[in-house]
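For reference, the structure is listed below as structure tokens.
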Amino acid sequence: MRLTVFTDYSLRVLLVLASRTDALVTIADITEAFGISQAHLMKVTQALGKTGWVDTVRGRNGGMRLAADPRKLSLGEVVRRLEADFALVECLGEDNQCVLTGGCGLEVALKQATEVFLRELDRYSIADLVNTSPALAQLALWQPITWNALPSHGRAGQRPA
């Protein structure tokens with residue numbers, strides 16, 4: 001399975017915004033930090049604004065900030081909301097023409113694998129990722145902060161008891 005570039009960039013934006021609570025972050029800031037095109041980031045930012053996870057402020061001193069609590073925003077929730085298609089093979093898609101559908105076992109196996117993948121992502125919050133990201137701390141945008149994990153989410157790298 002591979003996530004789209006759109007989801008990848010969206011996750012990066014959420015991580016940066018979760019690490020910056022003192023000021024608005026601009027698209028130009030993120031473009032410079034990651035080497036991503038401004039046009040693509042504008043689409044990402046607009047979509048994240050529509051989810052309610054990000055507040056955007058227009059104007060000369062505008063930018064964006066995280067509107068959601070990063071301790072409550074799970075990686076699984078973000079991926080489910082932003083990924084348009086989890087049909088890994090034809091039989092899982094809307095235009096299925098495969099003559100083996102329902103008879104080869106692939107459909108069930110891949111559905112179960114996708115569910116396990118997403119459940120694993122649900123174990124991590126955006127705050128968990130910010131807290132355990134030494135690479136994020138290397139960005140010029142970094143603001144030292146530690147989000148306290150909520151009991152409902154695991155900590156990155158730890159298995160639930």
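Ligands are numbered from 1 in the order shown, chains are lettered A, B, ... in the order of the structure tokens, and residues start at 1 in each chain.
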
request  = Within 7 Å of A:Leu82, counting only C-alpha atoms, which residues show up once you throw out same-chain ones fewer than 3 positions away? Write them as number ranges by chain, please.
outcome  = A: 7, 78-79

Computed interatomic separation between atom CA of A:Arg71 and atom CA of A:Thr132 (Å) = 13.2 Å

key: Test item: residues at most 10 Å from A:Asp29, only C-alpha atoms, excluding those fewer than 4 positions along its chain, as a VMD selection string   = chain A and resid 16 24 to 25 33 to 35 38 63 140 to 141

Would you export the selected residues with N, CA and C atoms as a tab-separated table (two decimals), in the first residue's frame, please?
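out-v2.tsv was written with the following content:
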chain	number	residue	atom	x	y	z
A	16	VAL	N	4.12	19.84	11.48
A	16	VAL	CA	4.72	21.16	11.69
A	16	VAL	C	3.79	22.03	12.53
A	24	LEU	N	1.65	31.78	13.75
A	24	LEU	CA	1.11	31.21	12.52
A	24	LEU	C	2.26	30.73	11.64
A	25	VAL	N	2.01	29.68	10.88
A	25	VAL	CA	2.98	29.13	9.94
A	25	VAL	C	2.46	29.42	8.55
A	33	ALA	N	10.95	24.61	4.17
A	33	ALA	CA	11.40	23.52	5.04
A	33	ALA	C	11.45	22.17	4.33
A	34	PHE	N	10.46	21.91	3.46
A	34	PHE	CA	10.35	20.59	2.83
A	34	PHE	C	10.67	20.57	1.34
A	35	GLY	N	10.82	21.74	0.73
A	35	GLY	CA	11.06	21.77	-0.70
A	35	GLY	C	9.86	21.32	-1.51
A	38	GLN	N	4.59	25.51	-3.68
A	38	GLN	CA	3.55	26.31	-3.01
A	38	GLN	C	2.18	25.98	-3.55
A	63	GLY	N	-1.53	33.09	7.86
A	63	GLY	CA	-0.86	31.81	7.93
A	63	GLY	C	-1.84	30.77	8.41
A	140	ALA	N	13.87	24.60	10.72
A	140	ALA	CA	13.93	25.96	11.25
A	140	ALA	C	12.61	26.36	11.90
A	141	LEU	N	11.53	25.68	11.53
A	141	LEU	CA	10.20	25.99	12.07
A	141	LEU	C	9.96	25.41	13.46

task = Write out as a list in words which residues come within 9 Å of A:Thr114 when counting only C-alpha atoms, dropping same-chain ones fewer than 5 positions away.
result =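 The filter keeps Met1, Phe86, Leu88, Ala109 and Arg119 of chain A.
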
message = Calculated over only C-alpha atoms, which of the candidates A:Thr21, A:Ser74, A:Ser10, A:Ser125 has the smallest distance to A:Ile36?
response = A:Ser10

Residue contacts of stretch 52-56 of chain A (7 Å, only C-alpha atoms) excluding same-chain residues fewer than 2 positions away, as a count of residues only = 10

request  = Could you check which of A:Leu3, A:Ser133, A:Leu14, A:Met42 is closest to A:Pro70, using only C-alpha atoms?
outcome  =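 Using only C-alpha atoms, the shortest distance to A:Pro70 belongs to A:Leu14.
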
key: Counting only C-alpha atoms, the option among A:Leu75, A:Leu15, A:Cys104, A:Val57 closest to A:Ile30   = A:Leu15

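With distances taken over only C-alpha atoms, A:Ser19 is the one residue among A:Asp95, A:Ser19, A:Asp85, A:Thr51 lying closest to A:Pro134.
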
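As for atom CA of A:Phe6 and atom CA of A:Cys98, they are spaced 28.9 Å apart.
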
task = Provide the atom CA of A:His40 to atom CA of A:Tyr9 distance in Å, to one decimal place.
result =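 Between these atoms lies a distance of 8.7 Å.
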
inquiry  = According to DSSP computed on the backbone, where in stretch 9-96 of chain A is there alpha helix (DSSP H)? Give the residues as a PyMOL selection string.
reply    = chain A and resi 9-19+27-34+38-51+75-82

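Proximity of A:Ala18, A:Val5, A:Leu106, A:Ala28 to A:Leu136, computed with only C-alpha atoms, is greatest for A:Ala18.
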